[in-house]
$ cat entry_24.csv   # CSV, N, CA and C atoms
chain,number,residue,atom,x,y,z
A,265,MET,N,0.8,-1.2,0.0
A,265,MET,CA,0.0,0.0,0.0
A,265,MET,C,0.9,1.2,0.0
A,266,LEU,N,0.3,2.3,-0.6
A,266,LEU,CA,1.0,3.5,-0.7
A,266,LEU,C,0.1,4.7,-0.4
A,267,ASN,N,0.4,5.5,0.6
A,267,ASN,CA,-0.4,6.7,0.9
A,267,ASN,C,0.2,7.9,0.1
A,268,PHE,N,-0.7,8.7,-0.4
A,268,PHE,CA,-0.2,9.8,-1.3
A,268,PHE,C,-1.2,11.0,-1.1
A,269,ASN,N,-0.6,12.2,-1.0
A,269,ASN,CA,-1.5,13.4,-1.0
A,269,ASN,C,-1.5,14.1,-2.3
A,270,LEU,N,-2.7,14.5,-2.7
A,270,LEU,CA,-3.0,15.2,-3.9
A,270,LEU,C,-3.7,16.5,-3.6
A,271,LYS,N,-3.4,17.5,-4.4
A,271,LYS,CA,-4.2,18.7,-4.3
A,271,LYS,C,-5.6,18.4,-4.8
A,272,ILE,N,-6.6,19.0,-4.3
A,272,ILE,CA,-8.0,18.7,-4.6
A,272,ILE,C,-8.2,18.8,-6.1
A,273,TRP,N,-7.6,19.9,-6.8
A,273,TRP,CA,-7.9,20.0,-8.2
A,273,TRP,C,-7.3,18.9,-9.0
A,274,GLN,N,-6.1,18.3,-8.5
A,274,GLN,CA,-5.5,17.1,-9.2
A,274,GLN,C,-6.4,15.9,-9.0
A,275,PHE,N,-6.9,15.7,-7.8
A,275,PHE,CA,-7.8,14.6,-7.6
A,275,PHE,C,-9.1,14.7,-8.4
A,276,VAL,N,-9.6,15.9,-8.6
A,276,VAL,CA,-10.8,16.2,-9.4
A,276,VAL,C,-10.5,15.8,-10.8
A,277,ARG,N,-9.4,16.2,-11.4
A,277,ARG,CA,-9.0,15.9,-12.7
A,277,ARG,C,-9.0,14.4,-12.9
A,278,ILE,N,-8.3,13.7,-12.0
A,278,ILE,CA,-8.2,12.2,-12.1
A,278,ILE,C,-9.6,11.6,-12.0
A,279,MET,N,-10.4,11.9,-11.1
A,279,MET,CA,-11.7,11.3,-10.9
A,279,MET,C,-12.6,11.6,-12.1
A,280,VAL,N,-12.6,12.8,-12.6
A,280,VAL,CA,-13.5,13.1,-13.8
A,280,VAL,C,-13.0,12.2,-14.9
A,281,GLU,N,-11.7,12.1,-15.1
A,281,GLU,CA,-11.2,11.2,-16.2
A,281,GLU,C,-11.6,9.8,-16.0
A,282,LEU,N,-11.5,9.3,-14.8
A,282,LEU,CA,-11.9,7.9,-14.5
A,282,LEU,C,-13.4,7.7,-14.8
A,283,GLU,N,-14.2,8.7,-14.4
A,283,GLU,CA,-15.6,8.6,-14.7
A,283,GLU,C,-15.9,8.6,-16.2
A,284,ASP,N,-15.2,9.5,-16.9
A,284,ASP,CA,-15.4,9.6,-18.4
A,284,ASP,C,-15.0,8.3,-19.0
A,285,SER,N,-13.8,7.7,-18.6
A,285,SER,CA,-13.3,6.5,-19.2
A,285,SER,C,-14.2,5.3,-18.9
A,286,LYS,N,-14.8,5.3,-17.7
A,286,LYS,CA,-15.7,4.1,-17.4
A,286,LYS,C,-17.0,4.2,-18.1
A,287,LEU,N,-17.4,5.4,-18.5
A,287,LEU,CA,-18.6,5.6,-19.2
A,287,LEU,C,-18.5,5.4,-20.8
A,288,SER,N,-17.3,5.5,-21.3
A,288,SER,CA,-17.1,5.3,-22.7
A,288,SER,C,-17.3,3.9,-23.0
A,289,ARG,N,-17.9,3.6,-24.2
A,289,ARG,CA,-18.3,2.3,-24.6
A,289,ARG,C,-17.1,1.3,-24.5
A,290,LYS,N,-16.0,1.8,-25.0
A,290,LYS,CA,-14.8,1.0,-25.0
A,290,LYS,C,-14.3,0.5,-23.6
A,291,GLU,N,-14.5,1.4,-22.6
A,291,GLU,CA,-14.1,1.1,-21.3
A,291,GLU,C,-15.1,0.4,-20.4
A,292,LYS,N,-16.3,0.3,-20.8
A,292,LYS,CA,-17.3,-0.2,-19.9
A,292,LYS,C,-17.0,-1.6,-19.4
A,293,ASN,N,-16.5,-2.4,-20.3
A,293,ASN,CA,-16.2,-3.8,-19.9
A,293,ASN,C,-15.0,-3.9,-18.9
A,294,ASN,N,-14.1,-2.9,-19.0
A,294,ASN,CA,-13.0,-2.8,-18.2
A,294,ASN,C,-13.3,-2.3,-16.8
A,295,TYR,N,-14.4,-1.7,-16.6
A,295,TYR,CA,-14.7,-1.0,-15.3
A,295,TYR,C,-14.6,-1.9,-14.1
A,296,ARG,N,-15.0,-3.1,-14.3
A,296,ARG,CA,-15.0,-4.1,-13.2
A,296,ARG,C,-13.6,-4.4,-12.8
A,297,ASN,N,-12.6,-4.1,-13.7
A,297,ASN,CA,-11.2,-4.3,-13.4
A,297,ASN,C,-10.5,-3.0,-13.0
A,298,ARG,N,-11.3,-2.0,-12.7
A,298,ARG,CA,-10.7,-0.7,-12.4
A,298,ARG,C,-11.0,-0.3,-11.0
A,299,PRO,N,-10.2,-0.8,-10.1
A,299,PRO,CA,-10.5,-0.6,-8.6
A,299,PRO,C,-10.3,0.8,-8.1
A,300,VAL,N,-9.6,1.6,-8.7
A,300,VAL,CA,-9.3,2.9,-8.2
A,300,VAL,C,-10.6,3.7,-8.0
A,301,TYR,N,-11.4,3.8,-9.0
A,301,TYR,CA,-12.7,4.5,-8.9
A,301,TYR,C,-13.6,3.9,-7.8
A,302,LYS,N,-13.6,2.7,-7.7
A,302,LYS,CA,-14.4,2.0,-6.7
A,302,LYS,C,-13.9,2.4,-5.3
A,303,ASP,N,-12.6,2.3,-5.1
A,303,ASP,CA,-12.0,2.6,-3.8
A,303,ASP,C,-12.1,4.0,-3.4
A,304,TRP,N,-12.0,4.9,-4.4
A,304,TRP,CA,-12.0,6.4,-4.1
A,304,TRP,C,-13.4,7.0,-4.3
A,305,LYS,N,-14.4,6.3,-4.7
A,305,LYS,CA,-15.7,6.9,-5.0
A,305,LYS,C,-16.3,7.7,-3.9
A,306,ASN,N,-16.3,7.1,-2.7
A,306,ASN,CA,-16.9,7.9,-1.5
A,306,ASN,C,-16.2,9.2,-1.2
A,307,ILE,N,-14.9,9.1,-1.3
A,307,ILE,CA,-14.1,10.3,-1.1
A,307,ILE,C,-14.4,11.4,-2.2
A,308,TRP,N,-14.5,10.9,-3.4
A,308,TRP,CA,-14.8,11.7,-4.5
A,308,TRP,C,-16.2,12.4,-4.4
A,309,LEU,N,-17.2,11.6,-4.1
A,309,LEU,CA,-18.5,12.1,-4.0
A,309,LEU,C,-18.6,13.2,-2.8
A,310,ASP,N,-17.9,12.9,-1.7
A,310,ASP,CA,-17.9,13.9,-0.6
A,310,ASP,C,-17.3,15.2,-1.1
A,311,ILE,N,-16.1,15.1,-1.7
A,311,ILE,CA,-15.4,16.3,-2.2
A,311,ILE,C,-16.2,17.0,-3.2
A,312,ASP,N,-16.8,16.3,-4.2
A,312,ASP,CA,-17.6,16.9,-5.2
A,312,ASP,C,-18.8,17.6,-4.7
A,313,ASN,N,-19.5,17.0,-3.7
A,313,ASN,CA,-20.6,17.7,-3.1
A,313,ASN,C,-20.2,19.0,-2.4
A,314,LYS,N,-19.1,18.9,-1.6
A,314,LYS,CA,-18.6,20.1,-0.9
A,314,LYS,C,-18.2,21.2,-1.9
A,315,LEU,N,-17.6,20.8,-3.0
A,315,LEU,CA,-17.2,21.8,-4.1
A,315,LEU,C,-18.4,22.4,-4.7
A,316,GLU,N,-19.4,21.7,-5.0
A,316,GLU,CA,-20.7,22.2,-5.5
A,316,GLU,C,-21.3,23.2,-4.6
A,317,GLU,N,-21.3,22.9,-3.3
A,317,GLU,CA,-21.9,23.9,-2.3
A,317,GLU,C,-21.1,25.1,-2.3
A,318,LEU,N,-19.8,25.0,-2.2
A,318,LEU,CA,-18.9,26.2,-2.1
A,318,LEU,C,-19.0,27.0,-3.4
A,319,ASN,N,-19.1,26.4,-4.6
A,319,ASN,CA,-19.2,27.1,-5.8
A,319,ASN,C,-20.5,28.0,-5.9
A,320,GLN,N,-21.5,27.5,-5.2
A,320,GLN,CA,-22.7,28.3,-5.1
A,320,GLN,C,-22.7,29.4,-4.1
A,321,SER,N,-21.9,29.2,-3.0
A,321,SER,CA,-22.0,30.1,-1.9
A,321,SER,C,-20.8,31.0,-1.6
A,322,ASP,N,-19.6,30.4,-1.9
A,322,ASP,CA,-18.4,31.1,-1.5
A,322,ASP,C,-17.2,30.8,-2.5
A,323,HIS,N,-17.1,31.7,-3.4
A,323,HIS,CA,-16.1,31.4,-4.5
A,323,HIS,C,-14.6,31.4,-4.0
A,324,LEU,N,-14.4,32.2,-3.0
A,324,LEU,CA,-13.0,32.3,-2.4
A,324,LEU,C,-12.7,30.9,-1.7
A,325,ALA,N,-13.7,30.4,-0.9
A,325,ALA,CA,-13.5,29.2,-0.2
A,325,ALA,C,-13.4,28.0,-1.3
A,326,TYR,N,-14.1,28.1,-2.3
A,326,TYR,CA,-14.1,27.1,-3.4
A,326,TYR,C,-12.7,27.1,-4.0
A,327,SER,N,-12.1,28.3,-4.3
A,327,SER,CA,-10.8,28.4,-4.9
A,327,SER,C,-9.8,27.8,-4.0
A,328,ASN,N,-9.9,28.2,-2.7
A,328,ASN,CA,-9.0,27.7,-1.7
A,328,ASN,C,-9.0,26.2,-1.6
A,329,LYS,N,-10.2,25.6,-1.5
A,329,LYS,CA,-10.3,24.2,-1.4
A,329,LYS,C,-9.7,23.5,-2.7
A,330,MET,N,-9.9,24.0,-3.8
A,330,MET,CA,-9.4,23.4,-5.1
A,330,MET,C,-7.9,23.5,-5.1
A,331,MET,N,-7.3,24.6,-4.9
A,331,MET,CA,-5.9,24.9,-5.1
A,331,MET,C,-5.0,24.7,-4.0
A,332,VAL,N,-5.5,24.8,-2.7
A,332,VAL,CA,-4.6,24.7,-1.6
A,332,VAL,C,-4.8,23.4,-0.8
A,333,GLU,N,-6.0,23.0,-0.6
A,333,GLU,CA,-6.3,21.8,0.2
A,333,GLU,C,-5.9,20.5,-0.5
A,334,GLU,N,-5.6,19.5,0.3
A,334,GLU,CA,-5.1,18.2,-0.2
A,334,GLU,C,-6.1,17.1,0.3
A,335,VAL,N,-6.0,16.0,-0.5
A,335,VAL,CA,-6.8,14.8,-0.1
A,335,VAL,C,-5.7,13.7,0.0
A,336,SER,N,-5.9,12.9,1.0
A,336,SER,CA,-5.0,11.7,1.2
A,336,SER,C,-5.6,10.5,0.6
A,337,ILE,N,-4.9,9.9,-0.3
A,337,ILE,CA,-5.5,8.7,-1.0
A,337,ILE,C,-4.6,7.5,-0.8
A,338,THR,N,-5.1,6.3,-1.0
A,338,THR,CA,-4.3,5.1,-0.8
A,338,THR,C,-4.3,4.3,-2.1
A,339,PHE,N,-3.2,3.9,-2.5
A,339,PHE,CA,-3.0,2.9,-3.6
A,339,PHE,C,-2.8,1.6,-3.0
A,340,ARG,N,-3.7,0.6,-3.3
A,340,ARG,CA,-3.6,-0.7,-2.7
A,340,ARG,C,-2.6,-1.6,-3.5
A,341,SER,N,-2.3,-1.2,-4.8
A,341,SER,CA,-1.5,-2.0,-5.6
A,341,SER,C,-0.8,-1.2,-6.7
A,342,LYS,N,0.2,-1.8,-7.3
A,342,LYS,CA,0.9,-1.2,-8.4
A,342,LYS,C,-0.1,-1.0,-9.6
A,343,ALA,N,-1.1,-1.9,-9.7
A,343,ALA,CA,-2.1,-1.8,-10.8
A,343,ALA,C,-2.9,-0.6,-10.6
A,344,GLN,N,-3.3,-0.2,-9.4
A,344,GLN,CA,-4.0,1.0,-9.1
A,344,GLN,C,-3.1,2.2,-9.5
A,345,LEU,N,-1.9,2.2,-9.1
A,345,LEU,CA,-1.0,3.3,-9.5
A,345,LEU,C,-0.9,3.4,-11.0
A,346,ASN,N,-0.8,2.3,-11.7
A,346,ASN,CA,-0.7,2.4,-13.1
A,346,ASN,C,-2.0,2.9,-13.7
A,347,GLU,N,-3.1,2.6,-13.1
A,347,GLU,CA,-4.4,3.1,-13.6
A,347,GLU,C,-4.5,4.6,-13.5
A,348,VAL,N,-4.0,5.2,-12.4
A,348,VAL,CA,-4.0,6.6,-12.2
A,348,VAL,C,-3.0,7.3,-13.2
A,349,ILE,N,-1.8,6.6,-13.3
A,349,ILE,CA,-0.8,7.2,-14.3
A,349,ILE,C,-1.4,7.2,-15.7
A,350,SER,N,-2.1,6.2,-16.1
A,350,SER,CA,-2.8,6.2,-17.4
A,350,SER,C,-3.8,7.3,-17.5
A,351,SER,N,-4.6,7.5,-16.4
A,351,SER,CA,-5.6,8.5,-16.5
A,351,SER,C,-4.9,9.9,-16.6
A,352,LEU,N,-3.8,10.1,-15.9
A,352,LEU,CA,-3.1,11.3,-16.1
A,352,LEU,C,-2.6,11.6,-17.5
A,353,ASP,N,-2.1,10.5,-18.1
A,353,ASP,CA,-1.7,10.6,-19.5
A,353,ASP,C,-2.8,11.1,-20.4
A,354,ARG,N,-4.0,10.6,-20.2
A,354,ARG,CA,-5.2,11.0,-21.0
A,354,ARG,C,-5.5,12.4,-20.7
A,355,VAL,N,-5.5,12.8,-19.4
A,355,VAL,CA,-5.8,14.2,-19.1
A,355,VAL,C,-4.8,15.2,-19.7
A,356,ILE,N,-3.6,14.9,-19.6
A,356,ILE,CA,-2.5,15.7,-20.1
A,356,ILE,C,-2.7,15.8,-21.6
A,357,ARG,N,-3.0,14.7,-22.3
A,357,ARG,CA,-3.2,14.7,-23.7
A,357,ARG,C,-4.4,15.6,-24.1
A,358,LYS,N,-5.4,15.5,-23.4
A,358,LYS,CA,-6.6,16.4,-23.6
A,358,LYS,C,-6.3,17.9,-23.4
A,359,ILE,N,-5.5,18.2,-22.4
A,359,ILE,CA,-5.2,19.6,-22.1
A,359,ILE,C,-4.3,20.1,-23.2
A,360,LYS,N,-3.3,19.3,-23.7
A,360,LYS,CA,-2.5,19.7,-24.8
A,360,LYS,C,-3.3,20.0,-26.1
A,361,MET,N,-4.3,19.2,-26.3
A,361,MET,CA,-5.2,19.4,-27.5
A,361,MET,C,-5.9,20.7,-27.3
A,362,LYS,N,-6.4,21.0,-26.1
A,362,LYS,CA,-7.2,22.3,-25.9
A,362,LYS,C,-6.2,23.5,-26.0
A,363,ILE,N,-5.0,23.3,-25.6
A,363,ILE,CA,-4.0,24.4,-25.7
A,363,ILE,C,-3.7,24.7,-27.2
A,364,LYS,N,-3.6,23.7,-28.0
A,364,LYS,CA,-3.3,23.8,-29.4
A,364,LYS,C,-4.5,24.5,-30.1
A,365,LYS,N,-5.7,24.2,-29.7
A,365,LYS,CA,-6.9,24.8,-30.4
A,365,LYS,C,-7.1,26.2,-30.0
A,366,SER,N,-6.6,26.7,-29.0
A,366,SER,CA,-6.8,28.1,-28.6
A,366,SER,C,-5.5,28.7,-28.1
A,367,ASP,N,-5.5,30.0,-28.0
A,367,ASP,CA,-4.3,30.7,-27.6
A,367,ASP,C,-4.3,30.9,-26.0
A,368,ASN,N,-5.2,30.2,-25.4
A,368,ASN,CA,-5.3,30.3,-23.9
A,368,ASN,C,-4.2,29.4,-23.3
A,369,ASN,N,-3.3,30.1,-22.6
A,369,ASN,CA,-2.3,29.4,-21.9
A,369,ASN,C,-2.6,29.1,-20.5
A,370,GLY,N,-3.9,29.4,-20.1
A,370,GLY,CA,-4.3,29.2,-18.7
A,370,GLY,C,-4.2,27.7,-18.3
A,371,LEU,N,-4.3,26.8,-19.3
A,371,LEU,CA,-4.2,25.4,-18.9
A,371,LEU,C,-2.8,24.9,-18.8
A,372,ASN,N,-1.8,25.8,-19.2
A,372,ASN,CA,-0.4,25.3,-19.1
A,372,ASN,C,0.0,25.0,-17.7
A,373,PHE,N,-0.5,25.7,-16.7
A,373,PHE,CA,-0.2,25.4,-15.3
A,373,PHE,C,-0.6,24.0,-15.0
A,374,GLU,N,-1.8,23.6,-15.4
A,374,GLU,CA,-2.3,22.3,-15.1
A,374,GLU,C,-1.5,21.2,-15.8
A,375,LYS,N,-1.2,21.5,-17.1
A,375,LYS,CA,-0.4,20.5,-17.8
A,375,LYS,C,0.9,20.2,-17.2
A,376,VAL,N,1.6,21.3,-16.8
A,376,VAL,CA,2.9,21.2,-16.1
A,376,VAL,C,2.8,20.4,-14.8
A,377,GLU,N,1.8,20.9,-13.9
A,377,GLU,CA,1.7,20.3,-12.6
A,377,GLU,C,1.3,18.8,-12.7
A,378,LEU,N,0.4,18.5,-13.6
A,378,LEU,CA,-0.1,17.1,-13.8
A,378,LEU,C,1.1,16.2,-14.3
A,379,GLY,N,1.9,16.8,-15.1
A,379,GLY,CA,3.1,16.1,-15.6
A,379,GLY,C,4.1,15.8,-14.5
A,380,LYS,N,4.3,16.8,-13.5
A,380,LYS,CA,5.1,16.5,-12.4
A,380,LYS,C,4.5,15.5,-11.5
A,381,LEU,N,3.2,15.5,-11.3
A,381,LEU,CA,2.5,14.5,-10.5
A,381,LEU,C,2.7,13.1,-11.1
A,382,LYS,N,2.6,13.0,-12.4
A,382,LYS,CA,2.8,11.7,-13.1
A,382,LYS,C,4.2,11.2,-12.8
A,383,ILE,N,5.2,12.0,-13.0
A,383,ILE,CA,6.6,11.6,-12.7
A,383,ILE,C,6.7,11.1,-11.3
A,384,ASN,N,6.1,11.9,-10.3
A,384,ASN,CA,6.2,11.4,-8.9
A,384,ASN,C,5.5,10.1,-8.7
A,385,LEU,N,4.4,9.8,-9.4
A,385,LEU,CA,3.7,8.6,-9.2
A,385,LEU,C,4.5,7.4,-9.9
A,386,VAL,N,5.1,7.7,-11.0
A,386,VAL,CA,5.9,6.7,-11.7
A,386,VAL,C,7.1,6.3,-10.8
A,387,ASN,N,7.7,7.3,-10.1
A,387,ASN,CA,8.8,7.1,-9.2
A,387,ASN,C,8.4,6.3,-8.0
A,388,CYS,N,7.1,6.3,-7.6
A,388,CYS,CA,6.6,5.6,-6.5
A,388,CYS,C,6.4,4.1,-6.8
A,389,LYS,N,6.5,3.7,-8.0
A,389,LYS,CA,6.3,2.3,-8.3
A,389,LYS,C,7.2,1.4,-7.6
A,390,ASN,N,8.4,1.9,-7.3
A,390,ASN,CA,9.4,1.1,-6.6
A,390,ASN,C,9.0,0.9,-5.1
A,391,ASP,N,8.0,1.6,-4.6
A,391,ASP,CA,7.6,1.5,-3.3
A,391,ASP,C,6.8,0.2,-3.0
A,392,PHE,N,6.3,-0.3,-4.1
A,392,PHE,CA,5.5,-1.6,-4.0
A,392,PHE,C,6.5,-2.8,-4.2
A,393,ILE,N,6.3,-3.8,-3.4
A,393,ILE,CA,7.2,-4.9,-3.5
A,393,ILE,C,6.5,-6.1,-4.2

$ encode --input "entry_24.csv" --output "C-alpha cells"
Amino acid sequence: MLNFNLKIWQFVRIMVELEDSKLSRKEKNNYRNRPVYKDWKNIWLDIDNKLEELNQSDHLAYSNKMMVEEVSITFRSKAQLNEVISSLDRVIRKIKMKIKKSDNNGLNFEKVELGKLKINLVNCKNDFI
C-alpha cells in the first residue's frame, strides 16, 4: 500500500477522467477491473458535493479548497498506481489538445503540474514490493 497526498484540483481531474473513461463504450467492460474509482468513489462524492456547495455560496473558499487543500488517498497495488498514471496521460493529452486549439495558456499550469504528479507517481512504483 502507498499513501499519497494530492491537491484537490488534481484529484478532481483524475476522478473526472476515470468517470469519463468508465462511461465510454470501449471502457465499460474494463470498469470491473478498475478498482481505483471504486476505492475512491466515496471520497470523490464527498469532495464533489462540498465543491458544488462552495461554488454556489463562497467562491473564495471554493478556490482555496481546489488549489490549496489536499486529499490523502491510498493505492492498494501497483495496478492502481498504473491506472492513475494512465488517467493522467489521458488528461494531459486532452489539455495539450485544448491548448493547441486556442491561444489560452491558462491550462499550461495544469499541464505542467499534472506532468510533475505523473513523474512522482511513476517514481513511487518502486515502493511496491

$ closest_residue --input "entry_24.csv" --among "A:Pro299, A:Asn372, A:Ile359, A:Asn319" --to "A:Ala343" --atoms "all atoms listed in the file"
A:Pro299

$ select_by_dssp --input "entry_24.csv" --residues "stretch 266-387 of chain A" --states "alpha helix (DSSP H)" --output "PyMOL selection string"
chain A and resi 272-287+289-292+299-321+323-331+342-365+372-387

$ select_by_dssp --input "entry_24.csv" --residues "stretch 273-390 of chain A" --states "strand (DSSP E or B)" --output "ChimeraX atom specification"
/A:334-339

$ closest_residue --input "entry_24.csv" --among "A:Asp367, A:Met265, A:Ile272, A:Lys382" --to "A:Val335" --atoms "all atoms listed in the file"
A:Ile272

$ atom_distance --input "entry_24.csv" --atom1 "atom CA of A:Val376" --atom2 "atom CA of A:Lys329"
20.0 Å

$ residues_around --input "entry_24.csv" --residues "stretch 345-349 of chain A" --least-positions-apart "2" --cutoff "8 Å" --atoms "all atoms listed in the file" --output "PDB file with N, CA and C atoms, in the frame of the given file"
ATOM      1  N   ILE A 278      -8.300  13.700 -12.000  1.00  0.00           N
ATOM      2  CA  ILE A 278      -8.200  12.200 -12.100  1.00  0.00           C
ATOM      3  C   ILE A 278      -9.600  11.600 -12.000  1.00  0.00           C
ATOM      4  N   ARG A 298     -11.300  -2.000 -12.700  1.00  0.00           N
ATOM      5  CA  ARG A 298     -10.700  -0.700 -12.400  1.00  0.00           C
ATOM      6  C   ARG A 298     -11.000  -0.300 -11.000  1.00  0.00           C
ATOM      7  N   PRO A 299     -10.200  -0.800 -10.100  1.00  0.00           N
ATOM      8  CA  PRO A 299     -10.500  -0.600  -8.600  1.00  0.00           C
ATOM      9  C   PRO A 299     -10.300   0.800  -8.100  1.00  0.00           C
ATOM     10  N   VAL A 300      -9.600   1.600  -8.700  1.00  0.00           N
ATOM     11  CA  VAL A 300      -9.300   2.900  -8.200  1.00  0.00           C
ATOM     12  C   VAL A 300     -10.600   3.700  -8.000  1.00  0.00           C
ATOM     13  N   THR A 338      -5.100   6.300  -1.000  1.00  0.00           N
ATOM     14  CA  THR A 338      -4.300   5.100  -0.800  1.00  0.00           C
ATOM     15  C   THR A 338      -4.300   4.300  -2.100  1.00  0.00           C
ATOM     16  N   PHE A 339      -3.200   3.900  -2.500  1.00  0.00           N
ATOM     17  CA  PHE A 339      -3.000   2.900  -3.600  1.00  0.00           C
ATOM     18  C   PHE A 339      -2.800   1.600  -3.000  1.00  0.00           C
ATOM     19  N   ARG A 340      -3.700   0.600  -3.300  1.00  0.00           N
ATOM     20  CA  ARG A 340      -3.600  -0.700  -2.700  1.00  0.00           C
ATOM     21  C   ARG A 340      -2.600  -1.600  -3.500  1.00  0.00           C
ATOM     22  N   SER A 341      -2.300  -1.200  -4.800  1.00  0.00           N
ATOM     23  CA  SER A 341      -1.500  -2.000  -5.600  1.00  0.00           C
ATOM     24  C   SER A 341      -0.800  -1.200  -6.700  1.00  0.00           C
ATOM     25  N   LYS A 342       0.200  -1.800  -7.300  1.00  0.00           N
ATOM     26  CA  LYS A 342       0.900  -1.200  -8.400  1.00  0.00           C
ATOM     27  C   LYS A 342      -0.100  -1.000  -9.600  1.00  0.00           C
ATOM     28  N   ALA A 343      -1.100  -1.900  -9.700  1.00  0.00           N
ATOM     29  CA  ALA A 343      -2.100  -1.800 -10.800  1.00  0.00           C
ATOM     30  C   ALA A 343      -2.900  -0.600 -10.600  1.00  0.00           C
ATOM     31  N   SER A 351      -4.600   7.500 -16.400  1.00  0.00           N
ATOM     32  CA  SER A 351      -5.600   8.500 -16.500  1.00  0.00           C
ATOM     33  C   SER A 351      -4.900   9.900 -16.600  1.00  0.00           C
ATOM     34  N   LEU A 352      -3.800  10.100 -15.900  1.00  0.00           N
ATOM     35  CA  LEU A 352      -3.100  11.300 -16.100  1.00  0.00           C
ATOM     36  C   LEU A 352      -2.600  11.600 -17.500  1.00  0.00           C
ATOM     37  N   ASP A 353      -2.100  10.500 -18.100  1.00  0.00           N
ATOM     38  CA  ASP A 353      -1.700  10.600 -19.500  1.00  0.00           C
ATOM     39  C   ASP A 353      -2.800  11.100 -20.400  1.00  0.00           C
ATOM     40  N   ARG A 354      -4.000  10.600 -20.200  1.00  0.00           N
ATOM     41  CA  ARG A 354      -5.200  11.000 -21.000  1.00  0.00           C
ATOM     42  C   ARG A 354      -5.500  12.400 -20.700  1.00  0.00           C
ATOM     43  N   VAL A 355      -5.500  12.800 -19.400  1.00  0.00           N
ATOM     44  CA  VAL A 355      -5.800  14.200 -19.100  1.00  0.00           C
ATOM     45  C   VAL A 355      -4.800  15.200 -19.700  1.00  0.00           C
ATOM     46  N   LEU A 381       3.200  15.500 -11.300  1.00  0.00           N
ATOM     47  CA  LEU A 381       2.500  14.500 -10.500  1.00  0.00           C
ATOM     48  C   LEU A 381       2.700  13.100 -11.100  1.00  0.00           C
ATOM     49  N   LYS A 382       2.600  13.000 -12.400  1.00  0.00           N
ATOM     50  CA  LYS A 382       2.800  11.700 -13.100  1.00  0.00           C
ATOM     51  C   LYS A 382       4.200  11.200 -12.800  1.00  0.00           C
ATOM     52  N   ILE A 383       5.200  12.000 -13.000  1.00  0.00           N
ATOM     53  CA  ILE A 383       6.600  11.600 -12.700  1.00  0.00           C
ATOM     54  C   ILE A 383       6.700  11.100 -11.300  1.00  0.00           C
ATOM     55  N   LEU A 385       4.400   9.800  -9.400  1.00  0.00           N
ATOM     56  CA  LEU A 385       3.700   8.600  -9.200  1.00  0.00           C
ATOM     57  C   LEU A 385       4.500   7.400  -9.900  1.00  0.00           C
ATOM     58  N   VAL A 386       5.100   7.700 -11.000  1.00  0.00           N
ATOM     59  CA  VAL A 386       5.900   6.700 -11.700  1.00  0.00           C
ATOM     60  C   VAL A 386       7.100   6.300 -10.800  1.00  0.00           C
ATOM     61  N   CYS A 388       7.100   6.300  -7.600  1.00  0.00           N
ATOM     62  CA  CYS A 388       6.600   5.600  -6.500  1.00  0.00           C
ATOM     63  C   CYS A 388       6.400   4.100  -6.800  1.00  0.00           C
ATOM     64  N   LYS A 389       6.500   3.700  -8.000  1.00  0.00           N
ATOM     65  CA  LYS A 389       6.300   2.300  -8.300  1.00  0.00           C
ATOM     66  C   LYS A 389       7.200   1.400  -7.600  1.00  0.00           C
TER      67      LYS A 389
END

$ atom_distance --input "entry_24.csv" --atom1 "atom CA of A:Asp284" --atom2 "atom C of A:Asn269"
21.7 Å

$ closest_residue --input "entry_24.csv" --among "A:Asn267, A:Phe373, A:Ser285, A:Ser366" --to "A:Phe392" --atoms "only C-alpha atoms"
A:Asn267

$ residues_around --input "entry_24.csv" --residues "stretch 303-317 of chain A" --least-positions-apart "4" --cutoff "8 Å" --atoms "only C-alpha atoms" --output "PyMOL selection string"
chain A and resi 276+279+299+321+326+329+337

$ write_last_selection --input "entry_24.csv" --atoms "N, CA and C atoms" --output "JSON list (two decimals), in the frame of the given file"
[["chain", "number", "residue", "atom", "x", "y", "z"],
["A", 276, "VAL", "N", -9.60, 15.90, -8.60],
["A", 276, "VAL", "CA", -10.80, 16.20, -9.40],
["A", 276, "VAL", "C", -10.50, 15.80, -10.80],
["A", 279, "MET", "N", -10.40, 11.90, -11.10],
["A", 279, "MET", "CA", -11.70, 11.30, -10.90],
["A", 279, "MET", "C", -12.60, 11.60, -12.10],
["A", 299, "PRO", "N", -10.20, -0.80, -10.10],
["A", 299, "PRO", "CA", -10.50, -0.60, -8.60],
["A", 299, "PRO", "C", -10.30, 0.80, -8.10],
["A", 321, "SER", "N", -21.90, 29.20, -3.00],
["A", 321, "SER", "CA", -22.00, 30.10, -1.90],
["A", 321, "SER", "C", -20.80, 31.00, -1.60],
["A", 326, "TYR", "N", -14.10, 28.10, -2.30],
["A", 326, "TYR", "CA", -14.10, 27.10, -3.40],
["A", 326, "TYR", "C", -12.70, 27.10, -4.00],
["A", 329, "LYS", "N", -10.20, 25.60, -1.50],
["A", 329, "LYS", "CA", -10.30, 24.20, -1.40],
["A", 329, "LYS", "C", -9.70, 23.50, -2.70],
["A", 337, "ILE", "N", -4.90, 9.90, -0.30],
["A", 337, "ILE", "CA", -5.50, 8.70, -1.00],
["A", 337, "ILE", "C", -4.60, 7.50, -0.80]]

$ atom_distance --input "entry_24.csv" --atom1 "atom C of A:Leu270" --atom2 "atom CA of A:Leu378"
10.8 Å

$ residues_near_point --input "entry_24.csv" --point "(-9.1, 21.8, -6.7)" --cutoff "9 Å" --atoms "only C-alpha atoms" --output "MDAnalysis selection string"
chainID A and resid 271:277 315 326:334

$ decode --input "entry_24.csv" --residues "stretch 308-312 of chain A" --atoms "N, CA and C atoms" --output "short mmCIF file (atom, residue, chain, number, x, y, z; two decimals), in the first residue's frame"
data_model
loop_
_atom_site.label_atom_id
_atom_site.label_comp_id
_atom_site.auth_asym_id
_atom_site.auth_seq_id
_atom_site.Cartn_x
_atom_site.Cartn_y
_atom_site.Cartn_z
N TRP A 308 -14.51 10.87 -3.40
CA TRP A 308 -14.82 11.72 -4.55
C TRP A 308 -16.19 12.37 -4.41
N LEU A 309 -17.19 11.58 -4.07
CA LEU A 309 -18.55 12.12 -3.96
C LEU A 309 -18.63 13.17 -2.85
N ASP A 310 -17.95 12.92 -1.74
CA ASP A 310 -17.92 13.88 -0.64
C ASP A 310 -17.26 15.19 -1.08
N ILE A 311 -16.11 15.10 -1.71
CA ILE A 311 -15.42 16.31 -2.18
C ILE A 311 -16.24 17.02 -3.24
N ASP A 312 -16.80 16.28 -4.17
CA ASP A 312 -17.60 16.88 -5.24
C ASP A 312 -18.80 17.64 -4.67
#
